[in-house]
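Undergrad: Pasting target34.txt below, which is compact mmCIF, C-alpha atoms.
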# COMPACT_ATOMS: atom_id res chain seq x y z
CA MET A 1087 15.99 -15.68 -13.86
CA LYS A 1088 19.02 -14.09 -12.20
CA THR A 1089 16.95 -10.96 -11.49
CA LEU A 1090 14.19 -13.10 -9.99
CA ILE A 1091 16.62 -14.95 -7.70
CA LEU A 1092 18.30 -11.69 -6.64
CA GLY A 1093 14.89 -10.13 -6.09
CA ALA A 1094 13.75 -13.06 -3.93
CA ALA A 1095 17.01 -12.93 -1.94
CA ALA A 1096 16.62 -9.18 -1.41
CA ALA A 1097 13.00 -9.64 -0.35
CA ALA A 1098 14.03 -12.36 2.12
CA LEU A 1099 16.82 -10.18 3.52
CA LEU A 1100 14.63 -7.11 3.82
CA HIS A 1101 11.64 -8.96 5.25
CA ILE A 1102 10.74 -7.59 8.65
CA THR A 1103 9.11 -9.97 11.09
CA PRO A 1104 6.04 -8.90 13.14
CA THR A 1105 6.37 -6.63 16.15
CA VAL A 1106 6.20 -8.17 19.63
CA THR A 1107 5.54 -6.36 22.89
CA LEU A 1108 8.18 -7.05 25.53
CA MET A 1109 6.58 -4.85 28.17
CA GLU A 1110 3.14 -3.25 28.23
CA ARG A 1111 3.14 0.54 28.42
CA SER A 1112 1.05 0.49 31.59
CA GLU A 1113 3.78 -1.54 33.32
CA VAL A 1114 6.43 0.85 32.00
CA VAL A 1115 4.48 3.77 33.50
CA SER A 1116 4.30 2.10 36.90
CA ARG A 1117 8.04 1.36 36.84
CA LEU A 1118 9.45 4.57 35.40
CA LEU A 1119 6.94 7.07 36.80
CA GLU A 1120 6.64 5.38 40.18
CA GLY A 1121 4.82 7.47 42.77
CA ALA A 1122 2.95 9.60 40.24
CA ASP A 1123 -0.83 9.66 40.36
CA ARG A 1124 -1.55 12.22 37.65
CA PHE A 1125 -0.18 12.24 34.14
CA THR A 1126 0.14 14.87 31.45
CA ALA A 1127 1.16 14.44 27.83
CA ARG A 1128 3.24 17.35 26.55
CA GLU A 1129 3.35 17.33 22.76
CA ILE A 1130 5.99 19.53 21.20
CA HIS A 1131 5.43 20.31 17.52
CA LEU A 1132 8.85 21.34 16.30
CA SER A 1133 9.47 24.27 14.00
CA SER A 1134 11.86 23.70 11.11
CA ALA A 1135 14.61 25.57 13.01
CA ASP A 1136 14.16 23.40 16.13
CA GLU A 1137 13.96 20.29 14.01
CA ARG A 1138 17.37 21.23 12.52
CA ARG A 1139 18.73 21.91 16.02
CA LEU A 1140 17.68 18.45 17.18
CA HIS A 1141 19.09 16.89 14.04
CA ASP A 1142 22.43 18.63 14.55
CA ALA A 1143 22.54 17.49 18.20
CA ALA A 1144 21.38 13.89 17.84
CA GLY A 1145 21.42 13.08 14.12
CA TRP A 1146 17.74 12.31 14.36
CA THR A 1147 14.31 13.90 14.01
CA PRO A 1148 11.04 12.53 15.39
CA PRO A 1149 8.23 11.20 13.16
CA ASP A 1150 5.91 14.02 12.02
CA ASP A 1151 8.21 16.44 13.91
CA VAL A 1152 6.35 15.80 17.17
CA LEU A 1153 7.98 14.91 20.50
CA THR A 1154 5.74 13.59 23.28
CA PHE A 1155 6.83 13.72 26.92
CA TYR A 1156 4.64 12.00 29.51
CA ILE A 1157 4.94 13.86 32.80
CA GLY A 1158 4.08 12.07 36.03
CA LYS A 1159 2.93 14.26 38.94
CA ARG A 1160 1.99 13.78 42.57
CA ALA A 1161 0.19 16.64 44.33
CA ASP A 1162 1.12 18.90 41.38
CA ARG A 1163 4.82 18.16 41.83
CA VAL A 1164 6.64 16.55 38.93
CA GLU A 1165 7.84 13.06 39.86
CA GLY A 1166 9.39 12.17 36.54
CA VAL A 1167 9.18 12.28 32.77
CA LEU A 1168 8.84 9.44 30.33
CA VAL A 1169 9.58 9.27 26.60
CA PHE A 1170 9.02 6.40 24.17
CA MET A 1171 11.65 6.22 21.43
CA ARG A 1172 11.46 4.10 18.32
CA VAL A 1173 14.72 3.05 16.70
CA ASP A 1174 14.59 1.50 13.24
CA SER A 1175 16.96 -1.15 11.97
CA PRO A 1176 17.05 -3.48 8.96
CA HIS A 1177 15.64 -6.16 11.31
CA GLY A 1178 12.65 -4.04 12.27
CA PRO A 1179 11.85 -1.40 14.86
CA MET A 1180 12.78 -1.43 18.54
CA GLU A 1181 11.05 0.79 21.09
CA VAL A 1182 12.68 1.91 24.29
CA ALA A 1183 11.03 3.80 27.13
CA VAL A 1184 13.35 6.26 28.85
CA GLY A 1185 12.34 7.63 32.26
CA PHE A 1186 13.92 10.77 33.73
CA ASP A 1187 13.85 11.62 37.43
CA LYS A 1188 13.09 15.01 39.00
CA ALA A 1189 16.74 16.07 38.69
CA GLY A 1190 16.81 15.22 34.99
CA ALA A 1191 18.99 12.11 35.25
CA ILE A 1192 17.87 8.82 33.72
CA ARG A 1193 15.77 6.91 36.24
CA GLY A 1194 15.49 3.81 34.09
CA VAL A 1195 15.17 2.39 30.60
CA GLU A 1196 12.93 -0.44 29.43
CA VAL A 1197 12.84 -2.11 26.03
CA THR A 1198 9.15 -2.25 25.21
CA LYS A 1199 8.96 -3.52 21.64
CA ALA A 1200 10.98 -5.75 19.38
CA THR A 1201 10.29 -8.01 16.43
CA VAL A 1202 10.00 -11.78 16.33
CA GLU A 1203 13.51 -11.85 14.87
CA THR A 1204 15.18 -9.40 17.26
CA LYS A 1205 13.47 -10.55 20.48
CA PRO A 1206 16.01 -13.30 21.36
CA TRP A 1207 18.94 -10.93 20.78
CA ILE A 1208 17.32 -8.24 22.93
CA LEU A 1209 16.55 -10.74 25.69
CA GLU A 1210 20.19 -11.85 25.61
CA ALA A 1211 21.31 -8.24 25.98
CA LEU A 1212 18.79 -7.64 28.79
CA ARG A 1213 20.02 -10.74 30.67
CA ALA A 1214 23.54 -9.33 30.42
CA GLY A 1215 22.34 -6.16 32.17
CA LEU A 1216 21.71 -3.86 29.19
CA THR A 1217 19.37 -1.46 30.97
CA ASP A 1218 21.42 -1.33 34.22
CA HIS A 1219 24.03 0.74 32.42
CA TYR A 1220 21.65 3.65 31.88
CA ARG A 1221 20.47 4.15 35.45
CA GLY A 1222 21.55 7.51 36.88
CA LEU A 1223 23.10 8.67 33.62
CA ALA A 1224 23.02 12.44 33.00
CA VAL A 1225 21.05 13.49 29.91
CA ASP A 1226 24.12 14.88 28.20
CA ALA A 1227 26.29 11.82 28.89
CA GLY A 1228 26.71 9.43 25.98
CA PRO A 1229 25.12 6.06 26.73
CA GLY A 1230 27.66 3.26 26.40
CA ALA A 1231 25.80 0.05 27.17
CA ALA A 1232 26.91 -1.55 23.90
CA GLY A 1233 30.57 -0.98 24.82
CA ALA A 1234 30.00 -2.43 28.29
CA LEU A 1235 28.41 -5.57 26.84
CA LYS A 1236 31.13 -6.11 24.24
CA GLY A 1237 32.50 -9.64 24.47
CA LYS A 1238 29.86 -10.70 27.02
CA VAL A 1239 27.10 -11.32 24.48
CA GLY A 1240 26.80 -12.34 20.84
CA THR A 1241 27.28 -9.87 18.03
CA MET A 1242 23.55 -9.45 17.36
CA ALA A 1243 22.81 -8.81 21.05
CA GLU A 1244 25.61 -6.26 20.98
CA TYR A 1245 24.00 -4.67 17.93
CA MET A 1246 20.67 -4.48 19.81
CA ALA A 1247 22.51 -2.71 22.65
CA GLU A 1248 23.81 -0.19 20.09
CA LEU A 1249 20.22 0.43 18.98
CA ALA A 1250 19.13 0.90 22.61
CA ASP A 1251 22.05 3.33 23.10
CA ARG A 1252 20.82 5.27 20.09
CA GLY A 1253 17.25 5.43 21.47
CA VAL A 1254 18.52 6.64 24.86
CA ALA A 1255 20.75 9.25 23.18
CA HIS A 1256 17.79 10.53 21.13
CA ALA A 1257 15.63 10.72 24.26
CA GLY A 1258 18.39 12.54 26.15
CA ALA A 1259 18.83 15.10 23.37
CA ALA A 1260 15.06 15.66 23.13
CA TYR A 1261 14.81 16.13 26.91
CA ARG A 1262 17.84 18.41 27.11
CA LEU A 1263 16.75 20.66 24.26
CA PHE A 1264 12.97 20.77 24.60
CA TYR A 1265 11.86 19.69 28.05
CA ARG A 1266 14.21 21.42 30.47
CA MET B 1128 -21.16 -33.14 -15.46
CA LEU B 1129 -18.24 -35.58 -15.67
CA TYR B 1130 -16.44 -33.98 -12.74
CA ASP B 1131 -18.35 -34.95 -9.62
CA LEU B 1132 -16.61 -34.91 -6.24
CA ARG B 1133 -19.13 -37.38 -4.79
CA ARG B 1134 -17.95 -40.06 -7.21
CA SER B 1135 -14.33 -39.03 -7.46
CA ASP B 1136 -11.43 -41.24 -6.43
CA ALA B 1137 -10.62 -41.19 -2.70
CA GLN B 1138 -7.24 -39.59 -3.54
CA VAL B 1139 -8.98 -36.63 -5.18
CA ARG B 1140 -11.35 -36.25 -2.25
CA TRP B 1141 -8.41 -36.41 0.18
CA LEU B 1142 -6.58 -33.73 -1.84
CA VAL B 1143 -9.65 -31.46 -1.78
CA THR B 1144 -10.10 -32.08 1.95
CA LEU B 1145 -6.50 -31.12 2.74
CA LEU B 1146 -6.70 -28.14 0.40
CA LEU B 1147 -9.85 -26.83 2.07
CA GLY B 1148 -8.37 -27.50 5.51
CA THR B 1149 -5.22 -25.56 4.60
CA LEU B 1150 -7.22 -22.65 3.19
CA GLY B 1151 -9.39 -22.73 6.32
CA VAL B 1152 -6.32 -22.35 8.56
CA ALA B 1153 -5.13 -19.47 6.34
CA TYR B 1154 -8.54 -17.78 6.65
CA VAL B 1155 -8.57 -18.14 10.45
CA PHE B 1156 -5.14 -16.51 10.73
CA GLY B 1157 -6.15 -13.93 8.11
CA ALA B 1158 -9.13 -12.98 10.27
CA TRP B 1159 -6.87 -12.85 13.34
CA MET B 1160 -4.48 -10.50 11.54
CA VAL B 1161 -7.37 -8.31 10.35
CA GLY B 1162 -8.54 -8.12 13.97
CA MET B 1163 -5.06 -6.99 15.06
CA TYR B 1164 -4.48 -4.34 12.41
CA ALA B 1165 -7.80 -3.12 11.01
CA GLY B 1166 -10.56 -4.46 13.27
CA PHE B 1167 -14.03 -5.61 12.39
CA THR B 1168 -15.99 -2.40 12.77
CA SER B 1169 -16.68 0.17 10.10
CA ARG B 1170 -15.02 2.86 12.25
CA SER B 1171 -11.76 0.96 12.77
CA VAL B 1172 -11.53 -0.04 9.09
CA ALA B 1173 -12.14 3.57 8.05
CA ALA B 1174 -9.43 4.75 10.50
CA THR B 1175 -7.01 2.23 8.96
CA TYR B 1176 -7.55 3.11 5.31
CA VAL B 1177 -8.55 6.77 5.34
CA GLU B 1178 -5.86 9.07 3.93
CA PRO B 1179 -3.42 9.73 6.82
CA ALA B 1180 -3.87 13.20 8.27
CA THR B 1181 -0.13 13.82 8.01
CA MET B 1182 -0.44 13.93 4.22
CA ASN B 1183 -2.64 17.01 4.55
CA MET B 1184 -0.52 18.67 7.24
CA PRO B 1185 1.33 21.84 6.42
CA MET B 1186 5.12 22.00 6.48
CA PRO B 1187 6.81 22.48 9.88
CA ALA B 1188 5.68 25.75 11.46
CA GLU B 1189 7.89 28.76 11.91
CA THR B 1190 7.64 28.47 15.67
CA THR B 1191 7.58 25.43 17.92
CA THR B 1192 4.23 24.90 19.59
CA VAL B 1193 3.48 23.01 22.79
CA VAL B 1194 0.20 21.27 23.57
CA GLU B 1195 -0.48 19.72 26.99
CA HIS B 1196 -3.34 17.52 28.04
CA ASP B 1197 -4.03 15.13 30.88
CA VAL B 1198 -3.78 11.42 30.14
CA THR B 1199 -4.44 8.27 32.10
CA PRO B 1200 -1.96 5.35 32.19
CA VAL B 1201 -4.50 3.44 30.10
CA GLU B 1202 -4.46 6.17 27.42
CA MET B 1203 -0.67 6.14 27.45
CA GLY B 1204 -0.82 2.43 26.74
CA HIS B 1205 -3.07 2.84 23.74
CA GLU B 1206 -1.39 1.73 20.59
CA GLU B 1207 -1.42 4.12 17.70
CA GLN B 1208 -3.99 3.20 15.06
CA HIS B 1209 -2.34 1.10 12.36
CA GLN B 1210 -2.71 3.05 9.14
CA VAL B 1211 -2.29 1.92 5.57
CA ASP B 1212 -1.08 4.78 3.40
CA ARG B 1213 -1.53 4.97 -0.36
CA ALA B 1214 1.88 3.43 -1.16
CA LEU B 1215 1.23 0.47 1.13
CA LEU B 1216 -2.26 -0.02 -0.28
CA ILE B 1217 -0.84 -0.09 -3.82
CA GLN B 1218 1.61 -2.76 -2.67
CA ASP B 1219 -1.11 -4.69 -0.78
CA THR B 1220 -3.40 -4.62 -3.81
CA HIS B 1221 -0.59 -5.78 -6.09
CA VAL B 1222 0.29 -8.68 -3.79
CA HIS B 1223 -3.15 -9.74 -2.55
CA VAL B 1224 -5.42 -9.45 -5.58
CA PRO B 1225 -3.58 -12.09 -7.70
CA MET B 1226 -3.45 -14.44 -4.70
CA TYR B 1227 -7.15 -13.90 -3.98
CA GLY B 1228 -7.80 -14.65 -7.67
CA VAL B 1229 -5.90 -17.95 -7.37
CA ILE B 1230 -7.80 -18.88 -4.18
CA ALA B 1231 -11.16 -17.98 -5.77
CA THR B 1232 -10.23 -20.11 -8.80
CA ILE B 1233 -9.28 -23.10 -6.64
CA LEU B 1234 -12.51 -22.83 -4.60
CA SER B 1235 -14.49 -22.43 -7.85
CA ILE B 1236 -12.91 -25.61 -9.23
CA VAL B 1237 -13.99 -27.41 -6.05
CA ALA B 1238 -17.47 -25.88 -6.45
CA LEU B 1239 -17.66 -27.21 -10.02
CA GLY B 1240 -17.44 -30.73 -8.60
CA LEU B 1241 -20.37 -30.23 -6.22
CA ALA B 1242 -23.81 -31.62 -6.91
CA ILE B 1243 -25.64 -28.29 -6.82
CA PRO B 1244 -28.08 -26.59 -9.22
CA ARG B 1245 -26.46 -24.74 -12.12
CA TRP B 1246 -27.72 -21.33 -10.91
CA LEU B 1247 -26.23 -21.95 -7.48
CA GLY B 1248 -22.91 -22.85 -9.08
CA PHE B 1249 -22.91 -19.55 -10.98
CA ALA B 1250 -23.88 -17.67 -7.81
CA LEU B 1251 -21.17 -19.36 -5.74
CA ILE B 1252 -18.44 -18.66 -8.31
CA THR B 1253 -19.60 -15.03 -8.56
CA LEU B 1254 -19.51 -14.71 -4.76
CA LEU B 1255 -15.98 -16.19 -4.59
CA PHE B 1256 -14.63 -13.61 -7.05
CA ALA B 1257 -16.82 -10.68 -5.93
CA ALA B 1258 -15.64 -10.94 -2.30
CA PRO B 1259 -11.99 -9.89 -2.86
CA TRP B 1260 -13.11 -7.25 -5.37
CA LEU B 1261 -15.44 -5.74 -2.75
CA ASP B 1262 -12.69 -6.01 -0.12
CA PHE B 1263 -10.16 -3.95 -2.09
CA MET B 1264 -12.74 -1.68 -3.71
CA GLY B 1265 -13.87 -0.73 -0.19
CA MET B 1266 -10.28 0.04 0.86
CA TRP B 1267 -9.66 2.28 -2.16
CA LEU B 1268 -13.04 4.04 -1.91
CA THR B 1269 -12.41 4.64 1.80
CA LYS B 1270 -9.08 6.23 0.94
CA LEU B 1271 -10.15 8.22 -2.12
CA ALA B 1272 -13.85 8.98 -1.65
CA SER B 1273 -15.31 8.65 1.84
CA PRO B 1274 -14.68 6.75 5.12
CA HIS B 1275 -18.28 5.50 4.81
CA PHE B 1276 -17.09 3.01 2.19
CA ALA B 1277 -15.30 1.04 4.95
CA VAL B 1278 -18.51 -0.98 5.17
CA VAL B 1279 -17.81 -2.29 1.62
CA THR B 1280 -14.54 -3.77 2.88
CA LEU B 1281 -16.36 -5.39 5.79
CA ILE B 1282 -18.95 -6.86 3.41
CA GLY B 1283 -16.12 -8.14 1.17
CA GLY B 1284 -14.32 -9.75 4.09
CA TRP B 1285 -17.41 -11.49 5.42
CA ALA B 1286 -18.36 -12.55 1.86
CA MET B 1287 -14.94 -14.17 1.51
CA GLY B 1288 -15.51 -16.16 4.69
CA LEU B 1289 -19.06 -17.05 3.64
CA GLY B 1290 -17.97 -18.28 0.19
CA TYR B 1291 -15.31 -20.48 1.75
CA MET B 1292 -17.73 -21.85 4.37
CA ILE B 1293 -20.35 -22.76 1.76
CA VAL B 1294 -17.85 -24.53 -0.51
CA ALA B 1295 -16.10 -26.31 2.37
CA ALA B 1296 -19.33 -27.42 4.07
CA LEU B 1297 -20.90 -28.73 0.84
CA ALA B 1298 -17.67 -30.42 -0.27
CA PHE B 1299 -17.00 -32.13 3.06
CA TRP B 1300 -20.62 -33.30 3.26
CA GLN B 1301 -20.84 -34.55 -0.31
CA MET B 1302 -17.40 -36.19 -0.32
CA TRP B 1303 -17.51 -37.98 3.01
CA ARG B 1304 -21.22 -38.47 3.72
CA PRO B 1305 -21.70 -42.15 4.53
CA GLU B 1306 -23.90 -43.65 1.85
CA ARG B 1307 -25.82 -46.82 2.24
CA GLY B 1308 -24.59 -49.47 -0.21
CA ALA B 1309 -21.89 -47.18 -1.58
CA ARG B 1310 -18.59 -48.63 -2.80
CA LYS B 1311 -15.72 -48.20 -0.38
Here is a file; write its structure as structure tokens.
TA:
Amino acid sequence: MKTLILGAAAAALLHITPTVTLMERSEVVSRLLEGADRFTAREIHLSSADERRLHDAAGWTPPDDVLTFYIGKRADRVEGVLVFMRVDSPHGPMEVAVGFDKAGAIRGVEVTKATVETKPWILEALRAGLTDHYRGLAVDAGPGAAGALKGKVGTMAEYMAELADRGVAHAGAAYRLFYR
Amino acid sequence: MLYDLRRSDAQVRWLVTLLLGTLGVAYVFGAWMVGMYAGFTSRSVAATYVEPATMNMPMPAETTTVVEHDVTPVEMGHEEQHQVDRALLIQDTHVHVPMYGVIATILSIVALGLAIPRWLGFALITLLFAAPWLDFMGMWLTKLASPHFAVVTLIGGWAMGLGYMIVAALAFWQMWRPERGARK
């Protein structure tokens, strides 16, 4: 009986609620690749050595060892680059879209996916200006939105900001090492 | 047969009505979820259950390779196909098959109380149990044998809905049909 109760408690704790879309990808494209009228997907299939390099730099490797950069162009000139990053947590996955401008700085960040459980915490963090902290950040600068929101939001919203920071850091490392 | 829903106490009929209503709601949301994750076409079901390509992929290459292709904003917005790998299908089968068995049993018990020919009763009970078997058999055959077996899953899913509809329609009609001179 004790095992059953512990099992049920573990199942309840580990249960991940369904994914919800906070922003459609098409809207993300129009916001973060503004001005572009042609788009290219650049898929980078990492070798084991490059996978290790990324892991050493960011403590993370992409699913199936593939990085995808969406490049927005206008008259064959690159306007910006967009990456979607998934960050997993015990409460389910979060997806952030990170847009880079022509100079390689972060143009903007949008949280595109959450779960039913994490959505209110993410919205709280967004209302407190979560994504404003990333604008203009250099790719090698450590994102510190969670630190900036400390004390202004609840602990779970702060935790969501930490996840967003992690997604932005992963995107920055991927861009720095494999796009530029 | 002693058990006849037409002549059963109003409490029993009310219980069966609420039970069928509850199962109906569950089926509607089940269909909605299927639409979201697997779809209702043979192609989308096959894409969901076929062995993920990554399982057959070689280990990371010695050199990094880059592939570029043009995309439209619409293509960028396309969600990745939800895939059920072997581990998840084992878990799904373990969780769903017993529950489907319980639901088929409950619907069969309701069917036993219907005033229908004996052969139809047998057929209905067989349909109620065959539907989930076909559903999961199709998923496993799609994964292990050929994507063409996705159609078996579709047949199973529709058979599940059909079995429920037949039982619910006959039960509602026979339980609540106004009868001339009947006792209230």
Undergrad: Give me, as a PyMOL selection string, the contact residues of chain B against chain A at a cut-off of 7 Å, counting only C-alpha atoms.
TA: chain B and resi 1187-1201+1203-1204
Undergrad: In Å, rounded to a single decimal, give me how far CA of Val1182 (chain A) is from CA of Leu1209 (chain A).
TA: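 Distance between the two atoms: 13.3 Å.
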Undergrad: Taking only C-alpha atoms into account, which of B:Trp1246, B:Val1279, B:Ala1214, B:Leu1234 comes nearest Gly1148 (chain B)?
TA: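 Among the listed residues, the smallest separation from Gly1148 (chain B) belongs to B:Leu1234.
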Undergrad: Counting all atoms listed in the file, what is within 9 Å of Ser1273 (chain B), bar same-chain residues fewer than 5 positions away, as a list in words?
TA: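 Close residues of Ser1273 (chain B): Ala1173, Val1177 and Leu1268 of chain B.
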Undergrad: Check the smallest atom-to-atom distance from each of B:Leu1239, B:Leu1132, B:Val1224, B:Leu1289 to Leu1255 (chain B) using all atoms listed in the file, then report the winner.
TA: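 Closest candidate: B:Leu1289.
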Undergrad: So what do you get for CA of Pro1259 (chain B) versus CA of Val1222 (chain B), distance-wise?
TA: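 These two atoms are separated by 12.4 Å.
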Undergrad: Using CA of Val1254 (chain A) and CA of Gly1178 (chain A) as the two end points, give the distance in Å to one decimal.
TA: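 For CA of Val1254 (chain A) relative to CA of Gly1178 (chain A), the distance reads 17.5 Å.
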Undergrad: Find the residues near Ile1236 (chain B): any atom within 12 Å, counting all atoms listed in the file, skip ones fewer than 3 places away on the same chain, and give them as a compact mmCIF listing (two decimals) with C-alpha atoms, in the coordinates of the input.
TA:
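Writing the result to around20.txt gives the following:
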# COMPACT_ATOMS: atom_id res chain seq x y z
CA TYR B 1130 -16.44 -33.98 -12.74
CA ASP B 1131 -18.35 -34.95 -9.62
CA LEU B 1132 -16.61 -34.91 -6.24
CA VAL B 1143 -9.65 -31.46 -1.78
CA LEU B 1146 -6.70 -28.14 0.40
CA LEU B 1147 -9.85 -26.83 2.07
CA VAL B 1229 -5.90 -17.95 -7.37
CA ILE B 1230 -7.80 -18.88 -4.18
CA ALA B 1231 -11.16 -17.98 -5.77
CA THR B 1232 -10.23 -20.11 -8.80
CA ILE B 1233 -9.28 -23.10 -6.64
CA LEU B 1239 -17.66 -27.21 -10.02
CA GLY B 1240 -17.44 -30.73 -8.60
CA LEU B 1241 -20.37 -30.23 -6.22
CA GLY B 1248 -22.91 -22.85 -9.08
CA PHE B 1249 -22.91 -19.55 -10.98
CA LEU B 1251 -21.17 -19.36 -5.74
CA ILE B 1252 -18.44 -18.66 -8.31
CA LEU B 1255 -15.98 -16.19 -4.59
CA VAL B 1294 -17.85 -24.53 -0.51
CA ALA B 1298 -17.67 -30.42 -0.27
Undergrad: Would you list the residues near (26.9, -0.4, 27.8), meaning any protein, DNA or RNA residue with an atom at most 9 Å from that point in file coordinates, counting only C-alpha atoms, as a ChimeraX atom specification?
TA: /A:1215-1220,1229-1236,1247-1248,1251
Undergrad: Please provide as a ChimeraX atom specification all residues within 9 Å of Tyr1245 (chain A), with the sequence filter that same-chain residues fewer than 4 positions apart are discarded (counting only C-alpha atoms).
TA: /A:1207,1232,1240-1241,1249-1250
Undergrad: For the selection you just gave me, I'd like the residues written to a file as an mmCIF file, in the coordinates of the input, keeping C-alpha atoms.
TA:
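Written output follows (out_3.cif):
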data_model
loop_
_atom_site.group_PDB
_atom_site.id
_atom_site.type_symbol
_atom_site.label_atom_id
_atom_site.label_comp_id
_atom_site.auth_asym_id
_atom_site.auth_seq_id
_atom_site.Cartn_x
_atom_site.Cartn_y
_atom_site.Cartn_z
ATOM 1 C CA TRP A 1207 18.940 -10.930 20.780
ATOM 2 C CA ALA A 1232 26.910 -1.550 23.900
ATOM 3 C CA GLY A 1240 26.800 -12.340 20.840
ATOM 4 C CA THR A 1241 27.280 -9.870 18.030
ATOM 5 C CA LEU A 1249 20.220 0.430 18.980
ATOM 6 C CA ALA A 1250 19.130 0.900 22.610
#
Undergrad: Report as a PyMOL selection string all protein, DNA and RNA residues lying within 8 Å of Ala1257 (chain B), evaluated on only C-alpha atoms, omitting residues in the same chain fewer than 4 positions from it.
TA: chain B and resi 1253+1261+1283
Undergrad: For C-alpha atoms, I'd like the residues from the last selection saved as a PDB file, keeping the file's coordinate frame.
TA:
ATOM      1  CA  THR B1253     -19.600 -15.030  -8.560  1.00  0.00           C
ATOM      2  CA  LEU B1261     -15.440  -5.740  -2.750  1.00  0.00           C
ATOM      3  CA  GLY B1283     -16.120  -8.140   1.170  1.00  0.00           C
TER       4      GLY B1283
END
Undergrad: Using only C-alpha atoms, which residues sit within 8 Å of Thr1204 (chain A) once same-chain residues fewer than 3 positions away are excluded, as number ranges by chain?
TA: A: 1177-1178, 1200-1201, 1207-1208, 1246
Undergrad: Which residue, A:Asp1174, A:Glu1165, A:Glu1244, A:Glu1196, has the smallest gap to Leu1119 (chain A) when you use only C-alpha atoms?
TA: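 Of A:Asp1174, A:Glu1165, A:Glu1244, A:Glu1196, the one nearest Leu1119 (chain A), counting only C-alpha atoms, is A:Glu1165.
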